[in-house]
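Participant: Sharing a structure below in structure tokens format, with a few things to ask.
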Amino acid sequence: MQTHEIRKRFLDHFVKAGHTEVPSASVILDDPNLLFVNAGMVQFVPFFLGQRSAPWDRATSVQKCIRTPDIEEVGITTRHNTFFQMAGNFSFGDYFKRGAIALAWDLLTNSVDEGGYGFDPEKLWATVYLDDDEAADLWREIANLPVERIQRRGMADNYWSMGIPGPCGPSSEIYYDRGPEYGIEGGPEANEDRYIEIWNLVFMQNERGAGTSKENFEILGPLPRQNIDTGMGVERVACLLQGVDNVYETDLVRPVIDLVASIAPRGYGVGNHDDDVRYRIIADHSRTAAIIIGDGVSPGNDGRGYVLRRLLRRVIRSAKLLGIDTPIVAQLMATVRDAMGPSYPELVTDFDRINRIAVAEETAFNRTLEAGSRLFDEAAEITKASGATVIAGNSAFTLHDTYGFPIDLTLEMASEAGLSVDEAGFRALMNEQRQRAKADAAARKHAHADLTAYRELVDAGPTEFTGFDELTSQATILGIFVDGKRVPVVAHGGEGETPDRVEIVLDRTPLYAESGGQIADIGSLSGTGGAAKAQVTDVQKIAKTLFVHRVNVESGEFVEGDTVTAEVDPKWRHGATQGHSGTHMVHAALRQILGPNAVQAGSLNRPGYLRFDFNWQGPLSDAQRDEIEIVANEAVEADYPVNTMYTKLEKAKAMGAMALFGEAYPEDVRLVEIGGPFSLELCGGTHVHNSAQIGPITLLGESSVGSGVRRVEAYTGLDSFKHLAKERALLAGLASSLKVPSEEVPARVATLVDRLKVAEKEIERMRRSTAASAASNAAAGAELVGKVRVVAQRMPVQTTAGDLRSLVGDIRGKLGNEPAVVALIAQGDNDAVPYVISVNAAAQDLGLRANDLIRTLASTVDGRGGGKADLAQGSGKDPTGIDAALDALRADIARS
Ligand code: SER
């Protein structure tokens with residue numbers, strides 16, 4: 001059964017059972033704690049938590065999911081994909097365990113004719129959480145599962161959460177027994193390769209807090225209602241129903257393997273396990289990369305961008321290790337598009353962008369690899385020169401760290417050079433680096449940190465934000481943390497007082513914590529005597545309520561319980577308000593010009609700069625961009641007062657306030673209104689008092705950041721002016737080099753471009769005529785070797801293979817019908833040595849063959865070549881052999 005059919009049957013089954021079909025969300029949702037959407041339930045979290053009421057009691061979806069923690073397992077096991085499709089059914093306070101088990105069992109075991117998957121019930125097993133007797137009883141009652149095929153497992157396996165605070169609950173998993181050839185018996189508890197998990201039913205009933213692992217987190221209490229969240233692995237089901245060995249060989253992944261097999265010198269499934277793993281890595285990762293790029297991620301050095309970069313680089317390296325030495329990513333992307341396009345049309349509509357981004361990464365990485373190869377050659381040479389055979393561990397480490405060489409690539413290259421590598425030394429250095437990275441990560445933000453240390457303060461109540469009304473506030477220190485551990489005091493130069501590792505929590509603060517697209521304020525804290533002083537470099541919220549100031553202590557000491565003065569850097573704040581109010585202006589202008597379909601998809605603003613993402617198909621026209629800029633600036637010019645008010649969410653919506661789609665808002669919301677109906681948004685940010693304070697808004701450009709998502713960027717205030725001043729200087733520079741007034745620059749450049757085109761054409765014409773006269777001269781200078789008129793010549797440097805072919809034809813035409821051989825050889829770019837030989841009919845009658853003679857040329861210039869009796873061509877690598885090659889050719893002809 002094809003994957004498409006598996007998806008369709010799933011959705012049909014649940015729609016028939018009263019579920020509403022909901023489309024897959026993007027793999028990127030606006031949650032700083034979650035790099036990628038990793039389960040079907042992610043888009044429904046606010047419904048489970050009771051933050052919003054679900055529009056339906058029952059829903060079903062097939063969600064694009066990304067999971068990379070097991071990236072090293074890909075291709076090694078039969079079942080790990082970094083991208084997979086999770087088919088799910090969800091009940092929001094409607095049916096619970098009984099419904100979930102019965103619905104899943106029916107779909108799995110109903111016959112294919114009845115619309116099911118037709119799994120043999122005897123091969124299915126279930127697991128339940130340790131004390132979940134209810135679920136175990138239901139498996140017996142509904143599915144008739146014997147007690148030995150129901151296993152009980154602990155937190156790590158049968159208690160599901162997203163790995164971060166949010167909904168959670170005990171789960172029941174369904175496994176399929178693939179038979180003894182896949183391992184020992186004993187159920188999933190004994191062997192998860194033989195018993196493969198296909199479906200996870202989560203009985204979502206609790207809310208979890210922070211924690212350090214799958215098993216170690218606090219359960220904060222029950223959810224408002226009991227819910228169901230299930231996830232069936234579409235690729236795994238496909239693997240079983242298609243009778244293939246692993247998920248990489250299913251119908252939508254296999255085409256990539258086949259493509260690679262048609263290019264690589266070494267095949268798939270021919271007994272080399274390492275190669276097979278490489279094939280599967282390429283197939284898995286290129287698909288994931290295409291999906292991630294499709295949803296708006298570009299390769300980068302941290303976060304999502306880094307995951308993407310890592311995936312693409314693993315693809316490229318794996319291809320290299322398979323012996324492929326030409327670019328391959330474009331073909332991979334096209335194959336992924338063809339396989340996945342029918343389910344994910346954005347892969348087709350956005351193909352050019354996806355392909356461009358992926359190929360650019362390939363080109364860049366290949367350059368890095370080239371540089372790395374030079375370093376490797378040096379290391380190999382040094383090793384050999386010193387009489388050793390083992391490349392030093394630190395060379396392998398540098399190759400890995402700086403050039404992204406995986407150790408297996410270095411090992412492979414070393415063995416080709418007859419050397420080995422000090423792997424233990426390499427691993428020791430890797431370990432050191434990992435320790436350093438861990439320490440660094442601990443010093444960074446709270447995104448994935450253990451938050452239990454802050455729990456007491458979170459529970460004590462939210463930080464009061466005073467910064468809407470004042471820039472300086474008196475406050476009390478509630479807690480001090482160094483590296484996430486609570487300490488009573490921190491002193492300048494004291495223990496742990498290294499930059500960016502100290503955090504201070506106050507009862508109230510005027511400093512804005514990063515949220516709603518606005519980045520955090522900077523400022524200072526000072527002790528009452530003025531002796532203690534700290535710079536605040538960042539402010540982050542924990543649990544959405546507790547403001548944590550990251551500080552550098554510059555003098556004195558801070559003690560828990562102290563009174564301090566907290567102060568926002570006024571210049572920074574002024575810029576930040578311009579950026580944030582500017583964002584509202586651009587948003588309002590966009591909606592005015594493009595209409596209500598231009599829905600906000602995210603934003604970011606900092607002093608002087610803003611960016612705004614919105615849903616829109618296709619680029620904006622120049623006219624639209626100009627209009628948006630004008631409308632926004634007219635609203636600035638109108639000097640509208642900026643009003644803020646608190647109201648109920650329902651009322652705000654009724655007033656037409658704009659809110660971010662998918663965001664969970666509290667009942668009481670803050671409204672920011674600029675110019676009455678012009679702009680009304682739900683917003684917790686800091687703003688100017690009058691729109692004129694924003695200063696000029698300059699749009700920088702507009703681009704695509706994902707399927708159907710566009711981004712505008714703009715400067716505000718003084719930064720806007722600086723930007724325009726820079727452009728003015730640029731234009732003045734151009735005008736002065738072109739020696740025309742500024743307004744004539746475009747016309748002058750256009751004229752120059754036209755003239756350049758004419759000149760290029762003329763150069764090409766001259767090149768051809770030079771070649772033609774070279775042909776006449778060559779024909780005139782033909783020598784007689786035996787009975788054959790021979791033109792055997794070295795051509796000027798950089799004559800291309802194409803030039804050679806047309807010249808050979810021309811010369812041969814001029815030599816008439818007597819036996820004649822024309823052989824031209826040139827030194828082209830990068831020491832390449834292209835050559836072409838033509839043998840006319842009369843010479844062929846004497847037994848001469850172009851495809852024989854080409855071998856003589858080839859062997860002397862270290863090249864290859866082939867063709868037919870009348871025309872053959874090839875290319876070599878050793879230009880020093882050109883003269884000898886021509887002599888050898890004459891000798892061959894003389895012997896004929
Ligand atoms: N959320 C659960 C999982 O991801 C079931 O959908 O396994």
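In the structure tokens, chains take the letters A, B, ... in the order shown, each chain's residues start at 1, and ligands count up from 1 in the order shown.
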Residues within 12 Å of ligand 1 should be enumerated using only C-alpha atoms and all ligand atoms and returned as a PyMOL selection string.

Facilitator: chain A and resi 37-45+48+60-67+84-91+100+157-163+166-174+197-204+227-234

Participant: Per DSSP on the backbone, what are the helix (DSSP H, G or I) residues of region 824-856 of chain A, as number ranges by chain?

Facilitator: A: 829-831, 841-845, 850-856

Participant: Within 12 Å of region 283-298 of chain A, which residues of region 333-412 of chain A come that close, and what is the closest atom pair and distance in Å for each? Count only C-alpha atoms and give it as CSV.

Facilitator:
```
residue,atom,partner,partner_atom,distance
A:Met333,CA,A:Ala290,CA,6.6
A:Ala334,CA,A:Ala290,CA,9.6
A:Thr335,CA,A:Arg287,CA,9.0
A:Val336,CA,A:Arg287,CA,5.8
A:Arg337,CA,A:Ala290,CA,8.1
A:Asp338,CA,A:Arg287,CA,11.0
A:Ala339,CA,A:Arg287,CA,9.5
A:Met340,CA,A:Arg287,CA,8.4
A:Gly341,CA,A:Ile291,CA,10.4
A:Ser343,CA,A:Ile291,CA,11.6
A:Tyr344,CA,A:Ile291,CA,8.7
A:Pro345,CA,A:Gly294,CA,10.1
A:Glu346,CA,A:Gly294,CA,6.8
A:Leu347,CA,A:Gly294,CA,6.4
A:Val348,CA,A:Gly294,CA,9.6
A:Thr349,CA,A:Gly294,CA,9.6
A:Asp350,CA,A:Gly294,CA,6.8
A:Phe351,CA,A:Gly294,CA,8.1
A:Asp352,CA,A:Gly294,CA,10.2
A:Arg353,CA,A:Gly294,CA,8.1
A:Ile354,CA,A:Ile293,CA,5.8
A:Asn355,CA,A:Ala290,CA,7.9
A:Arg356,CA,A:Ile293,CA,10.1
A:Ile357,CA,A:Ser298,CA,6.9
A:Ala358,CA,A:Ala290,CA,7.8
A:Val359,CA,A:Ala290,CA,11.1
A:Ala360,CA,A:Ser298,CA,10.3
A:Glu361,CA,A:Ser298,CA,9.2
A:Glu362,CA,A:Ser286,CA,11.7
```

Participant: Would you mind telling me which residue in A:Val745, A:Leu308, A:Ile282, A:Ala156 lies nearest to Pro255 (chain A) when using only C-alpha atoms?

Facilitator: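 Of all the options, A:Ile282 lies closest to Pro255 (chain A).
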
Participant: Show me, as a short mmCIF file (atom, residue, chain, number, x, y, z; two decimals) with C-alpha atoms, in the first residue's frame, the residues that have an atom within 6 Å of region 519-528 of chain A when counting only C-alpha atoms, minus same-chain residues fewer than 2 positions from it.

Facilitator:
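Contents of result.cif, freshly written:
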```cif
data_model
loop_
_atom_site.label_atom_id
_atom_site.label_comp_id
_atom_site.auth_asym_id
_atom_site.auth_seq_id
_atom_site.Cartn_x
_atom_site.Cartn_y
_atom_site.Cartn_z
CA LEU A 511 13.52 46.57 32.09
CA TYR A 512 11.53 44.91 29.32
CA ALA A 513 12.05 41.14 28.93
CA GLU A 514 12.26 39.77 25.41
CA GLY A 530 25.92 53.32 44.92
CA ALA A 532 27.41 48.01 43.88
CA LYS A 533 26.86 48.34 40.17
CA ALA A 534 25.94 45.84 37.46
CA GLN A 535 25.22 46.16 33.76
CA VAL A 536 22.11 44.34 32.57
CA THR A 537 22.85 42.72 29.20
CA ASP A 538 19.66 40.73 28.70
CA VAL A 539 16.30 40.07 30.31
CA VAL A 564 18.46 48.25 44.33
CA THR A 565 17.76 50.84 41.68
CA ALA A 566 17.01 49.30 38.30
CA GLU A 567 17.43 51.57 35.33
CA VAL A 568 16.74 51.18 31.63
CA ASP A 569 19.29 52.65 29.20
CA ARG A 606 15.15 46.19 18.18
#
```

Participant: Extract, using only C-alpha atoms, all DNA, RNA and protein residues at most 8 Å from region 405-407 of chain A, discarding same-chain residues fewer than 5 positions from it, and format them as a list in words.

Facilitator: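 The residues that qualify are Arg317, Leu369, Gly372, Ala396, Leu399 and His400 of chain A.
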
Participant: Quick one: write out the picked residues with all heavy atoms as an mmCIF file, in the first residue's frame?

Facilitator:
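Result saved to result.cif:
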```cif
data_model
loop_
_atom_site.group_PDB
_atom_site.id
_atom_site.type_symbol
_atom_site.label_atom_id
_atom_site.label_comp_id
_atom_site.auth_asym_id
_atom_site.auth_seq_id
_atom_site.Cartn_x
_atom_site.Cartn_y
_atom_site.Cartn_z
ATOM 1 N N ARG A 317 28.812 14.806 2.535
ATOM 2 C CA ARG A 317 29.910 13.930 2.929
ATOM 3 C C ARG A 317 29.606 12.480 2.591
ATOM 4 O O ARG A 317 30.455 11.748 2.122
ATOM 5 C CB ARG A 317 30.076 13.953 4.442
ATOM 6 C CG ARG A 317 30.676 15.166 4.970
ATOM 7 C CD ARG A 317 30.540 14.960 6.454
ATOM 8 N NE ARG A 317 30.720 16.165 7.185
ATOM 9 C CZ ARG A 317 30.096 16.394 8.320
ATOM 10 N NH1 ARG A 317 29.249 15.507 8.798
ATOM 11 N NH2 ARG A 317 30.328 17.484 8.972
ATOM 12 N N LEU A 369 35.529 21.915 2.016
ATOM 13 C CA LEU A 369 36.144 20.590 1.925
ATOM 14 C C LEU A 369 37.448 20.654 1.137
ATOM 15 O O LEU A 369 38.424 19.991 1.476
ATOM 16 C CB LEU A 369 35.197 19.599 1.241
ATOM 17 C CG LEU A 369 34.054 19.080 2.094
ATOM 18 C CD1 LEU A 369 33.166 18.172 1.267
ATOM 19 C CD2 LEU A 369 34.546 18.345 3.318
ATOM 20 N N GLY A 372 39.987 21.983 3.308
ATOM 21 C CA GLY A 372 40.321 20.937 4.264
ATOM 22 C C GLY A 372 41.214 19.885 3.629
ATOM 23 O O GLY A 372 42.141 19.367 4.257
ATOM 24 N N ALA A 396 43.442 15.722 12.831
ATOM 25 C CA ALA A 396 42.095 15.202 12.560
ATOM 26 C C ALA A 396 41.053 16.082 13.236
ATOM 27 O O ALA A 396 39.978 16.343 12.691
ATOM 28 C CB ALA A 396 41.976 13.769 13.057
ATOM 29 N N LEU A 399 40.623 19.315 11.316
ATOM 30 C CA LEU A 399 39.837 19.029 10.111
ATOM 31 C C LEU A 399 38.355 18.952 10.456
ATOM 32 O O LEU A 399 37.500 19.416 9.716
ATOM 33 C CB LEU A 399 40.283 17.700 9.501
ATOM 34 C CG LEU A 399 41.538 17.793 8.643
ATOM 35 C CD1 LEU A 399 42.069 16.404 8.322
ATOM 36 C CD2 LEU A 399 41.239 18.550 7.357
ATOM 37 N N HIS A 400 38.058 18.373 11.596
ATOM 38 C CA HIS A 400 36.667 18.222 12.004
ATOM 39 C C HIS A 400 36.093 19.565 12.432
ATOM 40 O O HIS A 400 35.025 19.987 11.989
ATOM 41 C CB HIS A 400 36.595 17.231 13.164
ATOM 42 C CG HIS A 400 35.201 17.020 13.650
ATOM 43 N ND1 HIS A 400 34.590 17.879 14.535
ATOM 44 C CD2 HIS A 400 34.283 16.078 13.348
ATOM 45 C CE1 HIS A 400 33.368 17.469 14.770
ATOM 46 N NE2 HIS A 400 33.157 16.381 14.059
#
```

Participant: Give me every strand (DSSP E) residue in region 593-757 of chain A, going by DSSP on the backbone, as a PyMOL selection string.

Facilitator: chain A and resi 600-606+609-615+642-648+668-674+679-682+697-706+709-716

Participant: May I ask which of the residues A:Asn817, A:Asn830, A:Gln205, A:Ser415 is the closest one to Val797 (chain A), counting only C-alpha atoms?

Facilitator: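 Among the listed residues, the smallest separation from Val797 (chain A) belongs to A:Asn830.
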
Participant: Set the distance at 10 Å and use only C-alpha atoms: which residues neighbour Asn110 (chain A) once local chain neighbours fewer than 6 positions away are removed? I'd like the list as a compact mmCIF listing (two decimals) with N, CA and C atoms, in the first residue's frame.

Facilitator:
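Once written, around_29.txt looks like this:
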```txt
# COMPACT_ATOMS: atom_id res chain seq x y z
N GLY A 116 -9.39 -0.58 6.02
CA GLY A 116 -8.33 -0.63 7.05
C GLY A 116 -6.98 -0.95 6.45
N TYR A 117 -6.03 -1.27 7.35
CA TYR A 117 -4.69 -1.63 6.88
C TYR A 117 -4.49 -3.15 6.79
N GLY A 118 -5.41 -3.89 7.37
CA GLY A 118 -5.35 -5.34 7.25
C GLY A 118 -4.19 -6.00 7.98
N PHE A 119 -3.74 -5.41 9.11
CA PHE A 119 -2.67 -6.07 9.88
C PHE A 119 -3.21 -7.33 10.54
N ASP A 120 -2.35 -8.34 10.63
CA ASP A 120 -2.72 -9.58 11.30
C ASP A 120 -2.76 -9.31 12.81
N PRO A 121 -3.94 -9.46 13.45
CA PRO A 121 -4.05 -9.12 14.88
C PRO A 121 -3.09 -9.94 15.74
```

Participant: Near region 870-879 of chain A, counting only C-alpha atoms, which residues have an atom at most 9 Å away, once you skip same-chain residues fewer than 4 positions from it, shown as a PyMOL selection string?

Facilitator: chain A and resi 801+805+825-827+830-841+844+849-854+857-866+883
